[in-house]
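Enquirer: mmCIF, C-alpha atoms and all ligand atoms, saved as coords.cif, coming up:
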```
data_my_file
loop_
_atom_site.label_atom_id
_atom_site.label_comp_id
_atom_site.auth_asym_id
_atom_site.auth_seq_id
_atom_site.Cartn_x
_atom_site.Cartn_y
_atom_site.Cartn_z
CA MET A 1 -14.87 -14.92 -13.94
CA GLU A 2 -18.35 -15.84 -12.87
CA GLN A 3 -18.00 -16.61 -9.23
CA THR A 4 -15.66 -15.38 -6.57
CA LYS A 5 -15.23 -17.78 -3.65
CA LEU A 6 -14.87 -16.28 -0.19
CA LEU A 7 -12.76 -18.31 2.24
CA LYS A 8 -11.67 -17.61 5.79
CA ALA A 9 -8.12 -18.32 6.92
CA PHE A 10 -7.18 -16.79 10.24
CA ASP A 11 -4.69 -19.42 11.24
CA PRO A 12 -2.35 -21.40 8.97
CA GLU A 13 -2.93 -24.61 10.92
CA ALA A 14 -6.61 -24.49 11.83
CA ASP A 15 -7.47 -23.20 8.34
CA SER A 16 -5.05 -25.38 6.39
CA GLU A 17 -7.77 -26.66 4.05
CA ASN A 18 -8.64 -23.18 2.86
CA ILE A 19 -4.99 -22.28 2.54
CA ALA A 20 -4.47 -25.38 0.39
CA LEU A 21 -7.40 -24.34 -1.83
CA ALA A 22 -6.00 -20.83 -2.27
CA ALA A 23 -2.53 -22.20 -3.02
CA ALA A 24 -3.89 -24.69 -5.56
CA THR A 25 -5.87 -21.94 -7.30
CA LEU A 26 -2.72 -19.84 -7.56
CA ALA A 27 -0.58 -22.74 -8.76
CA ALA A 28 -3.18 -23.36 -11.48
CA GLY A 29 -2.90 -19.78 -12.77
CA GLY A 30 -5.83 -18.26 -10.86
CA LEU A 31 -6.24 -14.90 -9.13
CA VAL A 32 -6.61 -14.80 -5.34
CA ALA A 33 -6.91 -11.80 -3.01
CA ILE A 34 -4.71 -12.67 -0.03
CA PRO A 35 -4.12 -10.99 3.33
CA THR A 36 -0.70 -9.53 4.14
CA GLU A 37 0.37 -7.55 7.20
CA THR A 38 0.24 -4.31 5.17
CA VAL A 39 -2.82 -4.46 2.89
CA TYR A 40 -4.62 -7.22 0.98
CA GLY A 41 -2.80 -8.25 -2.21
CA LEU A 42 -4.25 -9.39 -5.54
CA ALA A 43 -2.01 -12.39 -6.16
CA ALA A 44 -1.03 -14.55 -9.11
CA ASN A 45 1.90 -16.86 -9.91
CA ALA A 46 4.72 -14.40 -10.63
CA LEU A 47 6.40 -16.86 -13.02
CA ASP A 48 3.29 -17.25 -15.22
CA SER A 49 2.90 -14.29 -17.62
CA ALA A 50 -0.69 -15.16 -18.48
CA ALA A 51 -1.71 -15.29 -14.82
CA VAL A 52 0.07 -11.99 -14.12
CA GLY A 53 -1.66 -10.42 -17.12
CA LYS A 54 -5.02 -11.13 -15.48
CA ILE A 55 -4.02 -8.98 -12.47
CA PHE A 56 -3.77 -5.89 -14.68
CA VAL A 57 -7.18 -6.62 -16.21
CA ALA A 58 -8.93 -7.29 -12.86
CA LYS A 59 -7.59 -4.07 -11.29
CA GLY A 60 -7.78 -1.92 -14.38
CA ARG A 61 -4.10 -1.23 -13.71
CA PRO A 62 -1.95 0.63 -16.24
CA GLN A 63 0.44 -1.84 -17.94
CA ASP A 64 3.47 0.33 -17.17
CA ASN A 65 3.07 0.01 -13.39
CA PRO A 66 5.22 -2.90 -12.12
CA LEU A 67 4.20 -5.41 -9.43
CA ILE A 68 5.85 -6.58 -6.22
CA VAL A 69 6.91 -10.24 -6.05
CA HIS A 70 6.18 -11.91 -2.71
CA ILE A 71 8.28 -14.75 -1.31
CA SER A 72 7.75 -16.90 1.77
CA ASP A 73 11.37 -17.72 2.54
CA LEU A 74 14.73 -16.12 1.87
CA GLU A 75 15.80 -19.04 -0.36
CA MET A 76 13.22 -17.88 -2.90
CA LEU A 77 15.08 -14.61 -3.49
CA ALA A 78 18.21 -15.71 -5.36
CA PRO A 79 16.48 -17.11 -8.49
CA LEU A 80 14.53 -13.85 -8.97
CA VAL A 81 17.52 -11.50 -9.07
CA LEU A 82 20.87 -11.21 -10.85
CA ARG A 83 22.69 -10.48 -7.61
CA VAL A 84 21.95 -9.79 -3.96
CA PRO A 85 23.82 -6.64 -2.90
CA GLU A 86 25.29 -6.55 0.61
CA ALA A 87 22.75 -3.89 1.62
CA ALA A 88 19.92 -6.29 0.69
CA ARG A 89 21.37 -8.97 2.97
CA VAL A 90 21.61 -6.55 5.87
CA LEU A 91 18.09 -5.21 5.30
CA ALA A 92 16.57 -8.68 4.89
CA ASP A 93 18.23 -9.76 8.09
CA ARG A 94 16.80 -6.79 9.98
CA PHE A 95 13.37 -6.22 8.40
CA TRP A 96 12.23 -9.48 6.77
CA PRO A 97 9.73 -10.94 7.18
CA GLY A 98 8.00 -7.54 7.17
CA PRO A 99 6.75 -4.48 5.32
CA LEU A 100 9.87 -3.68 3.26
CA THR A 101 10.14 -4.12 -0.52
CA LEU A 102 13.55 -4.10 -2.20
CA VAL A 103 14.09 -3.14 -5.85
CA LEU A 104 16.87 -5.35 -7.26
CA PRO A 105 18.24 -6.38 -10.68
CA ARG A 106 15.70 -8.75 -12.27
CA SER A 107 16.72 -12.21 -13.44
CA GLU A 108 15.43 -13.97 -16.57
CA ALA A 109 13.21 -16.13 -14.37
CA VAL A 110 10.86 -13.19 -13.77
CA PRO A 111 8.67 -12.48 -16.80
CA PRO A 112 9.00 -8.86 -18.05
CA ILE A 113 5.26 -8.21 -17.55
CA VAL A 114 5.77 -8.41 -13.76
CA SER A 115 8.14 -5.45 -13.87
CA ALA A 116 6.42 -3.63 -16.72
CA GLY A 117 9.55 -4.24 -18.79
CA LEU A 118 11.96 -2.66 -16.28
CA PRO A 119 15.33 -4.39 -15.73
CA THR A 120 14.50 -4.55 -12.02
CA VAL A 121 12.19 -6.54 -9.77
CA ALA A 122 10.61 -5.47 -6.48
CA VAL A 123 10.66 -8.28 -3.88
CA ARG A 124 9.12 -8.57 -0.46
CA LEU A 125 8.92 -11.28 2.21
CA PRO A 126 5.69 -10.54 4.11
CA SER A 127 5.31 -11.40 7.78
CA HIS A 128 1.61 -12.35 7.67
CA PRO A 129 1.48 -16.06 8.57
CA VAL A 130 -1.42 -16.74 6.17
CA ALA A 131 0.36 -14.99 3.29
CA ARG A 132 3.51 -17.00 3.92
CA ALA A 133 1.61 -20.27 4.20
CA ILE A 134 -0.17 -19.63 0.89
CA ILE A 135 3.05 -18.73 -0.94
CA ARG A 136 4.88 -21.73 0.51
CA GLN A 137 2.13 -24.14 -0.51
CA ALA A 138 1.69 -22.62 -3.95
CA GLY A 139 5.41 -23.29 -4.33
CA VAL A 140 5.96 -20.20 -6.47
CA PRO A 141 6.59 -16.52 -5.79
CA LEU A 142 3.42 -14.42 -6.05
CA ALA A 143 3.09 -11.14 -7.90
CA ALA A 144 0.62 -9.00 -5.97
CA PRO A 145 -0.35 -5.36 -6.11
CA SER A 146 -2.76 -4.02 -3.52
CA ALA A 147 -6.16 -5.68 -3.99
CA ASN A 148 -8.12 -2.53 -4.86
CA LEU A 149 -9.44 -1.29 -8.17
CA SER A 150 -6.75 0.93 -9.67
CA GLY A 151 -6.86 4.44 -8.19
CA ARG A 152 -9.07 3.50 -5.21
CA PRO A 153 -7.91 3.31 -1.59
CA SER A 154 -6.01 0.07 -0.85
CA THR A 155 -7.95 -2.76 0.77
CA THR A 156 -7.34 -3.51 4.43
CA THR A 157 -10.30 -5.85 5.06
CA ALA A 158 -11.88 -8.70 3.09
CA GLN A 159 -15.02 -6.55 2.77
CA HIS A 160 -13.00 -3.92 0.87
CA CYS A 161 -11.80 -6.69 -1.49
CA ILE A 162 -15.36 -7.96 -1.93
CA THR A 163 -16.50 -4.45 -2.87
CA ASP A 164 -13.75 -3.95 -5.45
CA LEU A 165 -13.11 -7.42 -6.84
CA THR A 166 -16.22 -9.62 -6.70
CA GLY A 167 -16.66 -11.26 -10.11
CA LYS A 168 -13.10 -10.29 -11.08
CA VAL A 169 -11.03 -12.82 -9.10
CA ASP A 170 -11.33 -16.54 -8.33
CA MET A 171 -11.07 -16.24 -4.59
CA ILE A 172 -10.81 -13.84 -1.66
CA VAL A 173 -9.09 -15.10 1.52
CA ASP A 174 -10.41 -13.34 4.63
CA ALA A 175 -7.98 -13.11 7.55
CA GLY A 176 -9.54 -10.06 9.20
CA PRO A 177 -8.14 -6.51 9.16
CA CYS A 178 -4.50 -5.98 8.11
CA PRO A 179 -2.35 -5.16 11.15
CA VAL A 180 -0.24 -2.43 9.48
CA GLY A 181 -2.85 -0.90 7.17
CA ILE A 182 -0.64 0.89 4.64
CA GLU A 183 1.57 -0.61 1.94
CA SER A 184 5.20 -1.61 2.35
CA THR A 185 8.18 0.70 2.20
CA VAL A 186 9.75 0.49 -1.30
CA LEU A 187 13.53 0.96 -1.39
CA SER A 188 15.66 0.78 -4.55
CA LEU A 189 19.13 -0.73 -4.24
CA MET A 190 19.94 -0.15 -7.92
CA GLY A 191 22.04 3.00 -7.47
CA GLU A 192 25.09 3.77 -5.39
CA THR A 193 22.95 5.15 -2.57
CA PRO A 194 19.76 3.36 -1.48
CA ARG A 195 16.71 5.34 -2.59
CA LEU A 196 13.35 5.49 -0.85
CA LEU A 197 10.64 5.27 -3.52
CA ARG A 198 7.62 4.80 -1.26
CA PRO A 199 7.58 5.33 2.52
CA GLY A 200 5.84 2.72 4.69
CA ALA A 201 5.88 1.09 8.09
CA VAL A 202 9.63 0.50 7.92
CA THR A 203 10.54 4.16 8.39
CA LEU A 204 13.19 6.33 6.75
CA GLU A 205 14.73 6.76 10.21
CA GLN A 206 15.02 2.97 10.62
CA LEU A 207 16.58 2.58 7.17
CA GLN A 208 19.08 5.35 7.87
CA GLU A 209 20.02 3.68 11.12
CA VAL A 210 20.96 0.51 9.22
CA LEU A 211 22.29 1.98 5.97
CA GLY A 212 23.61 5.42 6.84
CA ARG A 213 22.71 7.53 3.82
CA VAL A 214 19.34 7.04 2.13
CA GLU A 215 18.09 9.28 -0.68
CA VAL A 216 14.43 10.19 -0.64
CA ASP A 217 12.87 10.34 -4.07
CA ARG A 218 11.44 13.79 -4.75
CA LEU A 219 8.10 12.19 -5.58
CA VAL A 220 7.57 10.87 -2.04
CA LEU A 221 6.02 14.22 -1.12
CA GLN A 222 5.71 15.93 -4.51
CA GLN A 223 3.72 15.57 -7.65
CA ALA A 224 5.30 14.25 -10.85
CA ALA A 225 5.35 16.69 -13.75
CA ALA A 226 3.29 15.57 -16.74
CA GLU A 227 5.98 13.71 -18.72
CA GLU A 228 8.62 13.36 -16.02
CA PRO A 229 10.35 9.95 -15.94
CA VAL A 230 9.74 8.36 -12.53
CA ALA A 231 11.73 5.75 -10.61
CA SER A 232 8.58 4.05 -9.36
CA PRO A 233 5.83 4.24 -11.96
CA GLY A 234 3.14 3.95 -9.27
CA MET A 235 4.06 7.43 -8.07
CA LYS A 236 2.71 9.22 -11.11
CA TYR A 237 -0.85 7.94 -10.88
CA LYS A 238 -3.72 9.34 -8.90
CA HIS A 239 -4.06 7.03 -5.96
CA TYR A 240 -5.93 6.11 -2.83
CA ALA A 241 -8.70 8.44 -3.93
CA PRO A 242 -12.23 8.40 -2.63
CA ARG A 243 -14.87 9.77 -4.98
CA ALA A 244 -15.02 12.95 -2.91
CA ARG A 245 -12.62 15.83 -3.44
CA VAL A 246 -10.01 15.78 -0.65
CA THR A 247 -8.17 18.83 0.67
CA LEU A 248 -5.41 18.44 3.24
CA VAL A 249 -5.43 21.03 6.01
CA GLN A 250 -2.17 21.70 7.83
CA GLY A 251 -2.37 23.52 11.13
CA ASP A 252 -2.67 23.04 14.88
CA ASP A 253 -5.80 21.74 16.64
CA ALA A 254 -7.50 25.12 16.92
CA GLN A 255 -6.61 26.23 13.39
CA TYR A 256 -7.90 22.97 11.91
CA ALA A 257 -11.20 23.13 13.80
CA ALA A 258 -11.70 26.80 12.88
CA TYR A 259 -11.04 26.13 9.20
CA VAL A 260 -13.37 23.13 9.07
CA ASN A 261 -16.14 24.93 10.96
CA ALA A 262 -15.89 27.89 8.59
CA HIS A 263 -16.74 25.49 5.72
CA ARG A 264 -20.02 24.02 6.94
CA GLU A 265 -21.61 23.20 3.63
CA GLU A 266 -23.76 20.28 2.50
CA GLY A 267 -21.48 17.31 1.72
CA THR A 268 -18.43 18.66 3.59
CA PHE A 269 -16.83 16.10 5.93
CA ALA A 270 -13.80 16.13 8.18
CA LEU A 271 -11.18 13.37 8.19
CA CYS A 272 -9.60 14.09 11.54
CA PHE A 273 -7.83 12.82 14.63
CA THR A 274 -10.00 11.32 17.37
CA GLY A 275 -9.40 14.30 19.66
CA ASP A 276 -10.76 16.72 17.02
CA LEU A 277 -14.23 15.14 17.00
CA PRO A 278 -15.86 17.18 19.81
CA HIS A 279 -14.68 20.44 18.25
CA LEU A 280 -16.05 19.97 14.74
CA ALA A 281 -19.41 21.18 13.46
CA VAL A 282 -19.43 19.06 10.27
CA PRO A 283 -19.87 15.28 9.97
CA ALA A 284 -16.52 13.68 10.68
CA VAL A 285 -14.64 10.40 10.33
CA ASP A 286 -11.60 10.02 12.58
CA TYR A 287 -8.54 7.94 11.74
CA GLY A 288 -6.94 7.59 15.17
CA PRO A 289 -5.47 9.69 17.99
CA LYS A 290 -3.00 12.45 17.05
CA GLY A 291 -0.10 10.73 18.80
CA ASP A 292 -0.72 7.20 17.51
CA GLN A 293 0.65 6.81 13.98
CA ALA A 294 0.28 3.03 13.95
CA GLU A 295 -3.44 3.41 14.59
CA GLN A 296 -3.70 6.16 11.96
CA ALA A 297 -2.06 3.82 9.44
CA ARG A 298 -4.41 0.95 10.29
CA ARG A 299 -7.49 3.11 9.84
CA LEU A 300 -6.63 5.51 7.01
CA PHE A 301 -7.81 3.53 3.98
CA GLY A 302 -10.97 2.30 5.71
CA ALA A 303 -11.74 5.89 6.70
CA LEU A 304 -11.38 7.07 3.07
CA ARG A 305 -13.78 4.35 1.95
CA LEU A 306 -16.23 5.18 4.76
CA LEU A 307 -16.32 8.81 3.64
CA ASP A 308 -17.55 7.66 0.23
CA MET A 309 -20.21 5.46 1.80
CA ARG A 310 -21.43 8.38 3.89
CA GLY A 311 -21.81 10.49 0.77
CA ALA A 312 -19.00 12.96 1.35
CA ARG A 313 -18.43 15.36 -1.51
CA TRP A 314 -15.59 17.41 -0.02
CA VAL A 315 -13.26 16.05 2.66
CA LEU A 316 -11.13 18.35 4.81
CA ALA A 317 -8.40 16.01 6.01
CA ARG A 318 -6.08 16.73 8.89
CA TYR A 319 -2.42 16.70 7.80
CA PRO A 320 -0.44 14.32 10.01
CA SER A 321 3.08 14.84 11.34
CA GLN A 322 5.77 13.93 8.78
CA GLU A 323 8.06 12.10 11.22
CA GLN A 324 8.53 8.31 11.35
CA MET A 325 5.47 6.53 9.92
CA GLY A 326 3.91 9.95 9.34
CA LEU A 327 5.93 10.25 6.13
CA ALA A 328 3.97 7.30 4.72
CA LEU A 329 0.65 8.75 5.90
CA CYS A 330 1.49 12.10 4.27
CA ASN A 331 2.52 10.33 1.05
CA ARG A 332 -0.84 8.50 0.82
CA LEU A 333 -2.95 11.47 1.88
CA LEU A 334 -1.21 13.84 -0.56
CA ARG A 335 -2.04 11.46 -3.41
CA SER A 336 -5.63 10.96 -2.31
CA ALA A 337 -5.94 14.76 -2.26
CA GLY A 338 -4.31 15.19 -5.67
CA PHE A 339 -1.73 17.32 -3.75
CA GLU A 340 -4.28 19.95 -2.70
CA VAL A 341 -3.02 21.37 0.61
CA VAL A 342 -4.14 24.38 2.66
CA ARG A 343 -1.42 25.62 5.04
CA LEU A 344 -2.77 27.66 7.96
O1 LIG A 401 2.53 -3.72 1.04
C1 LIG A 401 2.59 -3.81 -0.19
O2 LIG A 401 3.61 -3.48 -0.82
C2 LIG A 401 1.37 -4.35 -0.92
C3 LIG A 401 1.14 -5.79 -0.44
C4 LIG A 401 0.07 -6.50 -1.21
O3 LIG A 401 2.34 -6.48 -0.47
N1 LIG A 401 1.54 -4.27 -2.33
C5 LIG A 401 1.49 -3.09 -3.00
O4 LIG A 401 1.60 -3.21 -4.37
O5 LIG A 401 1.33 -2.03 -2.46
P1 LIG A 401 1.24 -2.03 -5.37
O6 LIG A 401 1.36 -2.63 -6.70
O7 LIG A 401 -0.04 -1.42 -5.00
O8 LIG A 401 2.41 -1.00 -5.20
C6 LIG A 401 3.70 -1.35 -5.64
C7 LIG A 401 4.54 -0.11 -5.82
C8 LIG A 401 4.10 0.71 -7.00
O9 LIG A 401 4.23 2.08 -6.68
C9 LIG A 401 5.09 0.29 -8.07
O10 LIG A 401 5.28 1.29 -9.05
C10 LIG A 401 6.34 0.04 -7.26
O11 LIG A 401 5.88 -0.53 -6.06
N2 LIG A 401 7.21 -0.94 -7.94
C11 LIG A 401 6.98 -2.24 -8.19
N3 LIG A 401 8.00 -2.79 -8.87
C12 LIG A 401 8.92 -1.81 -9.03
C13 LIG A 401 10.20 -1.76 -9.65
N4 LIG A 401 10.73 -2.81 -10.26
N5 LIG A 401 10.85 -0.57 -9.63
C14 LIG A 401 10.32 0.50 -9.01
N6 LIG A 401 9.11 0.51 -8.41
C15 LIG A 401 8.42 -0.63 -8.42
MG MG A 402 -1.56 -0.10 -4.87
#
```
Represent the supplied structure as structure tokens.
Ligand code: TXA
Ligand code: MG

Expert:
Amino acid sequence: MEQTKLLKAFDPEADSENIALAAATLAAGGLVAIPTETVYGLAANALDSAAVGKIFVAKGRPQDNPLIVHISDLEMLAPLVLRVPEAARVLADRFWPGPLTLVLPRSEAVPPIVSAGLPTVAVRLPSHPVARAIIRQAGVPLAAPSANLSGRPSTTTAQHCITDLTGKVDMIVDAGPCPVGIESTVLSLMGETPRLLRPGAVTLEQLQEVLGRVEVDRLVLQQAAAEEPVASPGMKYKHYAPRARVTLVQGDDAQYAAYVNAHREEGTFALCFTGDLPHLAVPAVDYGPKGDQAEQARRLFGALRLLDMRGARWVLARYPSQEQMGLALCNRLLRSAGFEVVRL
């Protein structure tokens, strides 16, 4: 790809021309980075194997890591799956459009490359108006992983997409920062009990409220053993990683500050809550107030990228609470740290 076009589309109506261009590029088999409410997605026509193949090349993504298929309207679901379990209907009714991905039995309509050969397909109906307008106009479901180079922090602004994907995709659609900031919750409905594969903005507590019992995959907060089979292949890869080494530090305000300040070496940075800033004697990037998980989610990936730009070599990151959306923050931070945690 020689040139990557950058288009703005903040509003489906005012920016309808740019949305039409993005949709036409996708319908013609092109690659377009599109905004969603969670993170930017690197989209292609999910029903076109050749187009989907280009996603793996552009990202440098391992072929065995399946993609999420994005739909704009509930009517698009049925052709993609063999059946829609009752739980899926209830969840769609409550959480779609929104940041929830359901793993369901894949129909023949979905090319195997989308699901890395698995008999399942992950489907999501995003709430971002620009994402929905693009899918609707393209007239096909879109396969889209997060629009980052494989292994790097996910992209939550068009600038992040420009950094990772210029020259690798046909188009980047800028709709400003993503309102959620971390990827969707992934829930498998393939077994008897629904199984949380990746926590996100739809929380475990919310799912339990609707479904009763929900199993949490061991890999949500733990590392896969070398050859362990995993339910969600994405969980075995190093992820969300800045170039710097990241260590998670679990403790209260005073313990965290004392630990960080005892490690004042060249290249050491803190990734902390806003309230920690005045107490730290090393350069620091904050990712939101301690009590505001939504803000922490919005800022986390940008903060990891900023640490790289500021030349951090070792990042001492504050471990967030594990409740509600905190489970998703812990899941991402643990992976970016390669599971290195200091407990004080
Ligand atoms: O919010 C999101 O989900 C974003 C936006 C763009 O929609 N997308 C996203 O895609 O995060 P990606 O590819 O970065 O992460 C998808 C995750 C991976 O961990 C993958 O292994 C898992 O979902 N996944 C996809 N299809 C699956 C399937 N059939 N069975 C189990 N896990 C699946
Ligand atoms: Mg990703």

Enquirer: Counting all atoms listed in the file, what residues are within 6 Å of ligand LIG 401 (chain A), given as a ChimeraX atom specification?

Expert: /A:38-41,65-68,103,115,120-122,144-146,183-184,231-235

Enquirer: Would you please work out which residue, of A:Pro85, A:Pro129, A:Gly151, A:Pro179, is nearest to ligand MG 402 (chain A) when using all atoms listed in the file?

Expert: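 When distances to ligand MG 402 (chain A) are compared using all atoms listed in the file, the smallest one comes from A:Gly151.
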
Enquirer: Rounded to one decimal place, report the CA of Thr163 (chain A)-CA of Arg305 (chain A) distance in Å.

Expert: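 Between these atoms lies a distance of 10.4 Å.
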
Enquirer: Which value, in Å to one decimal, gives the distance between CA of Arg332 (chain A) and CA of Gly176 (chain A)?

Expert: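 So the answer is 22.1 Å.
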
Enquirer: With distances taken over all atoms listed in the file, which of A:Leu142, A:Ala241, A:Val202, A:Val173 is nearest to ligand MG 402 (chain A)?

Expert: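 Once distances to ligand MG 402 (chain A) are computed over all atoms listed in the file, the minimum belongs to A:Ala241.
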